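Printed here is target.cif (mmCIF, N, CA and C atoms):
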```
data_work
loop_
_atom_site.label_atom_id
_atom_site.label_comp_id
_atom_site.auth_asym_id
_atom_site.auth_seq_id
_atom_site.Cartn_x
_atom_site.Cartn_y
_atom_site.Cartn_z
N ASP A 1 17.86 -54.51 -35.95
CA ASP A 1 17.24 -54.90 -37.21
C ASP A 1 16.97 -53.64 -38.03
N SER A 2 17.30 -53.66 -39.29
CA SER A 2 17.18 -52.48 -40.14
C SER A 2 16.34 -52.79 -41.38
N ALA A 3 15.23 -52.07 -41.52
CA ALA A 3 14.39 -52.24 -42.70
C ALA A 3 15.16 -51.86 -43.96
N HIS A 4 15.99 -50.84 -43.86
CA HIS A 4 16.78 -50.40 -45.02
C HIS A 4 17.76 -51.50 -45.45
N ALA A 5 18.44 -52.11 -44.49
CA ALA A 5 19.38 -53.19 -44.81
C ALA A 5 18.65 -54.39 -45.41
N ARG A 6 17.45 -54.69 -44.91
CA ARG A 6 16.66 -55.80 -45.47
C ARG A 6 16.30 -55.52 -46.93
N LYS A 7 15.92 -54.28 -47.24
CA LYS A 7 15.56 -53.92 -48.61
C LYS A 7 16.76 -54.03 -49.55
N ILE A 8 17.91 -53.56 -49.09
CA ILE A 8 19.13 -53.66 -49.90
C ILE A 8 19.48 -55.13 -50.14
N ALA A 9 19.41 -55.93 -49.09
CA ALA A 9 19.71 -57.36 -49.22
C ALA A 9 18.73 -58.04 -50.17
N ALA A 10 17.46 -57.68 -50.12
CA ALA A 10 16.46 -58.28 -51.01
C ALA A 10 16.78 -57.97 -52.47
N VAL A 11 17.16 -56.74 -52.75
CA VAL A 11 17.53 -56.37 -54.13
C VAL A 11 18.74 -57.18 -54.58
N LEU A 12 19.75 -57.26 -53.74
CA LEU A 12 20.95 -58.02 -54.09
C LEU A 12 20.62 -59.50 -54.30
N GLN A 13 19.74 -60.04 -53.49
CA GLN A 13 19.36 -61.45 -53.64
C GLN A 13 18.59 -61.69 -54.94
N ARG A 14 17.79 -60.72 -55.35
CA ARG A 14 17.05 -60.87 -56.62
C ARG A 14 17.98 -60.75 -57.81
N VAL A 15 18.86 -59.74 -57.79
CA VAL A 15 19.73 -59.45 -58.92
C VAL A 15 20.93 -60.39 -58.97
N ARG A 16 21.45 -60.76 -57.79
CA ARG A 16 22.57 -61.68 -57.64
C ARG A 16 23.82 -61.25 -58.42
N PRO A 17 24.29 -60.02 -58.18
CA PRO A 17 25.49 -59.57 -58.89
C PRO A 17 26.74 -60.31 -58.41
N ASP A 18 27.72 -60.40 -59.30
CA ASP A 18 28.99 -61.03 -58.93
C ASP A 18 29.82 -60.13 -58.02
N LEU A 19 29.64 -58.84 -58.19
CA LEU A 19 30.43 -57.85 -57.45
C LEU A 19 29.50 -56.74 -56.98
N VAL A 20 29.69 -56.28 -55.75
CA VAL A 20 28.84 -55.23 -55.19
C VAL A 20 29.72 -54.13 -54.63
N LEU A 21 29.36 -52.89 -54.92
CA LEU A 21 30.01 -51.72 -54.32
C LEU A 21 28.95 -51.00 -53.50
N LEU A 22 29.14 -50.96 -52.20
CA LEU A 22 28.22 -50.25 -51.31
C LEU A 22 28.93 -49.01 -50.80
N ASN A 23 28.52 -47.86 -51.27
CA ASN A 23 29.09 -46.60 -50.80
C ASN A 23 28.45 -46.19 -49.48
N GLU A 24 29.20 -45.41 -48.72
CA GLU A 24 28.74 -44.87 -47.44
C GLU A 24 28.46 -45.97 -46.41
N PHE A 25 29.10 -47.11 -46.56
CA PHE A 25 28.98 -48.17 -45.56
C PHE A 25 29.92 -47.82 -44.42
N ASP A 26 29.47 -47.95 -43.19
CA ASP A 26 30.31 -47.59 -42.05
C ASP A 26 31.61 -48.39 -42.06
N PHE A 27 32.73 -47.66 -41.93
CA PHE A 27 34.04 -48.31 -41.92
C PHE A 27 34.43 -48.66 -40.49
N ASP A 28 34.90 -49.85 -40.30
CA ASP A 28 35.56 -50.23 -39.06
C ASP A 28 36.69 -51.18 -39.43
N PRO A 29 37.85 -51.01 -38.83
CA PRO A 29 39.04 -51.78 -39.23
C PRO A 29 38.86 -53.29 -39.15
N GLU A 30 37.99 -53.78 -38.27
CA GLU A 30 37.80 -55.23 -38.12
C GLU A 30 36.71 -55.76 -39.06
N HIS A 31 36.10 -54.89 -39.85
CA HIS A 31 35.05 -55.27 -40.81
C HIS A 31 33.81 -55.85 -40.14
N ARG A 32 33.57 -55.50 -38.89
CA ARG A 32 32.42 -56.05 -38.17
C ARG A 32 31.10 -55.69 -38.83
N ALA A 33 30.97 -54.44 -39.26
CA ALA A 33 29.71 -53.99 -39.88
C ALA A 33 29.42 -54.79 -41.16
N ALA A 34 30.43 -54.97 -42.00
CA ALA A 34 30.24 -55.73 -43.24
C ALA A 34 29.96 -57.20 -42.95
N ASP A 35 30.64 -57.75 -41.96
CA ASP A 35 30.39 -59.15 -41.59
C ASP A 35 28.96 -59.33 -41.08
N LEU A 36 28.49 -58.39 -40.27
CA LEU A 36 27.13 -58.49 -39.74
C LEU A 36 26.10 -58.32 -40.85
N PHE A 37 26.35 -57.42 -41.81
CA PHE A 37 25.43 -57.27 -42.94
C PHE A 37 25.34 -58.58 -43.72
N GLN A 38 26.48 -59.21 -43.92
CA GLN A 38 26.52 -60.51 -44.61
C GLN A 38 25.71 -61.55 -43.83
N GLN A 39 25.97 -61.67 -42.53
CA GLN A 39 25.36 -62.72 -41.71
C GLN A 39 23.88 -62.49 -41.46
N ARG A 40 23.50 -61.26 -41.13
CA ARG A 40 22.12 -60.98 -40.72
C ARG A 40 21.16 -60.70 -41.87
N TYR A 41 21.70 -60.28 -43.02
CA TYR A 41 20.82 -59.86 -44.11
C TYR A 41 21.04 -60.64 -45.40
N LEU A 42 22.28 -60.72 -45.87
CA LEU A 42 22.52 -61.40 -47.15
C LEU A 42 22.36 -62.91 -47.05
N GLN A 43 22.80 -63.48 -45.95
CA GLN A 43 22.74 -64.94 -45.79
C GLN A 43 21.38 -65.43 -45.30
N VAL A 44 20.43 -64.51 -45.18
CA VAL A 44 19.06 -64.84 -44.77
C VAL A 44 18.14 -64.41 -45.90
N ALA A 45 17.34 -65.33 -46.42
CA ALA A 45 16.42 -64.97 -47.50
C ALA A 45 15.48 -63.87 -47.02
N GLN A 46 15.42 -62.79 -47.77
CA GLN A 46 14.61 -61.63 -47.41
C GLN A 46 13.28 -61.64 -48.16
N PRO A 47 12.21 -61.12 -47.55
CA PRO A 47 10.94 -60.99 -48.26
C PRO A 47 11.13 -60.16 -49.53
N GLY A 48 10.66 -60.67 -50.64
CA GLY A 48 10.81 -59.96 -51.91
C GLY A 48 12.16 -60.18 -52.57
N GLY A 49 13.02 -60.91 -51.91
CA GLY A 49 14.35 -61.19 -52.46
C GLY A 49 14.39 -62.58 -53.06
N GLY A 50 15.56 -63.11 -53.15
CA GLY A 50 15.73 -64.46 -53.65
C GLY A 50 16.32 -65.33 -52.56
N ALA A 51 17.05 -66.33 -52.98
CA ALA A 51 17.72 -67.21 -52.03
C ALA A 51 18.83 -66.45 -51.32
N ALA A 52 19.20 -66.95 -50.16
CA ALA A 52 20.30 -66.35 -49.40
C ALA A 52 21.53 -66.21 -50.29
N LEU A 53 22.34 -65.24 -49.99
CA LEU A 53 23.48 -64.88 -50.83
C LEU A 53 24.71 -64.76 -49.96
N ARG A 54 25.84 -65.23 -50.45
CA ARG A 54 27.09 -65.13 -49.68
C ARG A 54 28.19 -64.59 -50.57
N TYR A 55 28.85 -63.56 -50.07
CA TYR A 55 30.05 -63.03 -50.73
C TYR A 55 31.23 -63.39 -49.84
N PRO A 56 32.11 -64.29 -50.29
CA PRO A 56 33.20 -64.74 -49.44
C PRO A 56 34.30 -63.70 -49.22
N TYR A 57 34.36 -62.68 -50.07
CA TYR A 57 35.41 -61.68 -49.95
C TYR A 57 34.78 -60.30 -49.85
N ARG A 58 35.43 -59.44 -49.06
CA ARG A 58 34.99 -58.06 -48.97
C ARG A 58 36.18 -57.16 -48.67
N TYR A 59 36.08 -55.95 -49.13
CA TYR A 59 37.12 -54.95 -48.90
C TYR A 59 36.44 -53.68 -48.42
N LEU A 60 36.92 -53.15 -47.34
CA LEU A 60 36.40 -51.89 -46.82
C LEU A 60 37.54 -50.90 -46.74
N ALA A 61 37.32 -49.74 -47.30
CA ALA A 61 38.33 -48.68 -47.26
C ALA A 61 37.81 -47.54 -46.39
N PRO A 62 38.71 -46.83 -45.74
CA PRO A 62 38.27 -45.66 -44.98
C PRO A 62 37.57 -44.67 -45.91
N VAL A 63 36.55 -44.00 -45.39
CA VAL A 63 35.81 -43.03 -46.20
C VAL A 63 36.34 -41.63 -45.95
N ASN A 64 36.11 -40.76 -46.92
CA ASN A 64 36.53 -39.37 -46.75
C ASN A 64 35.33 -38.42 -46.72
N THR A 65 34.14 -38.94 -46.54
CA THR A 65 32.95 -38.10 -46.45
C THR A 65 33.10 -37.13 -45.29
N GLY A 66 32.89 -35.86 -45.56
CA GLY A 66 32.96 -34.84 -44.53
C GLY A 66 34.35 -34.29 -44.28
N VAL A 67 35.35 -34.82 -44.94
CA VAL A 67 36.72 -34.33 -44.78
C VAL A 67 36.91 -33.14 -45.72
N PRO A 68 37.32 -31.98 -45.18
CA PRO A 68 37.50 -30.81 -46.04
C PRO A 68 38.53 -31.08 -47.15
N SER A 69 38.22 -30.62 -48.36
CA SER A 69 39.12 -30.83 -49.50
C SER A 69 40.23 -29.80 -49.54
N GLY A 70 40.00 -28.65 -48.89
CA GLY A 70 40.98 -27.57 -48.97
C GLY A 70 40.82 -26.74 -50.23
N LEU A 71 39.81 -27.04 -51.04
CA LEU A 71 39.57 -26.33 -52.29
C LEU A 71 38.25 -25.57 -52.22
N ASP A 72 38.13 -24.52 -53.00
CA ASP A 72 36.89 -23.74 -53.09
C ASP A 72 36.00 -24.39 -54.15
N LEU A 73 35.32 -25.46 -53.78
CA LEU A 73 34.57 -26.27 -54.73
C LEU A 73 33.35 -25.56 -55.29
N ASP A 74 32.75 -24.65 -54.53
CA ASP A 74 31.58 -23.94 -55.04
C ASP A 74 31.92 -22.54 -55.56
N ASN A 75 33.22 -22.24 -55.60
CA ASN A 75 33.71 -20.98 -56.17
C ASN A 75 33.09 -19.75 -55.51
N ASN A 76 32.90 -19.82 -54.18
CA ASN A 76 32.33 -18.68 -53.47
C ASN A 76 33.39 -17.85 -52.74
N GLY A 77 34.64 -18.16 -52.98
CA GLY A 77 35.73 -17.40 -52.39
C GLY A 77 36.15 -17.84 -51.00
N SER A 78 35.52 -18.86 -50.47
CA SER A 78 35.93 -19.30 -49.13
C SER A 78 36.34 -20.76 -49.15
#
```
Take the structure from the file and write it as structure tokens.
Amino acid sequence: DSAHARKIAAVLQRVRPDLVLLNEFDFDPEHRAADLFQQRYLQVAQPGGGAALRYPYRYLAPVNTGVPSGLDLDNNGS
């Protein structure tokens, strides 16, 4: 159980956007993490949120966080 996930779900339930982009969501090829977030948090009315929410479609792409760019992004010569 995650207090952070509950808070995110509550905001989404209140705002009820048609489309959601969640950055830094753990990627797994079977989409288990996204499915569990949907089932355990979005589809359950959260305190401070609204009615349960269901997104029938989701897309997860591999993340590149922490992958070296090969460029000197801070211009320090390394």
(message) Which residues would end up in the selection if the PyMOL selection byres ((chain A and resi 28-43) around 8) were applied here, given that I need the answer as a VMD selection string?
(response) chain A and resid 5 to 6 8 to 10 12 to 13 25 to 27 44 to 46 51 to 55 58 to 63
(request) Figure out the distance between atom N of A:Asp1 and atom CA of A:Leu21, please, to one decimal in Å. (result) 22.2 Å
(request) Go ahead and compute the interatomic distance for atom CA of A:Gly49 and atom CA of A:Arg14, in Å to one decimal. (result)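 Taking atom CA of A:Gly49 and atom CA of A:Arg14, their separation equals 5.0 Å.
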(request) Measure the distance from atom C of A:Ser2 to atom N of A:Pro47 in Å and round it to one decimal. (result)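 Rounded to one decimal, the two atoms are 11.2 Å apart.
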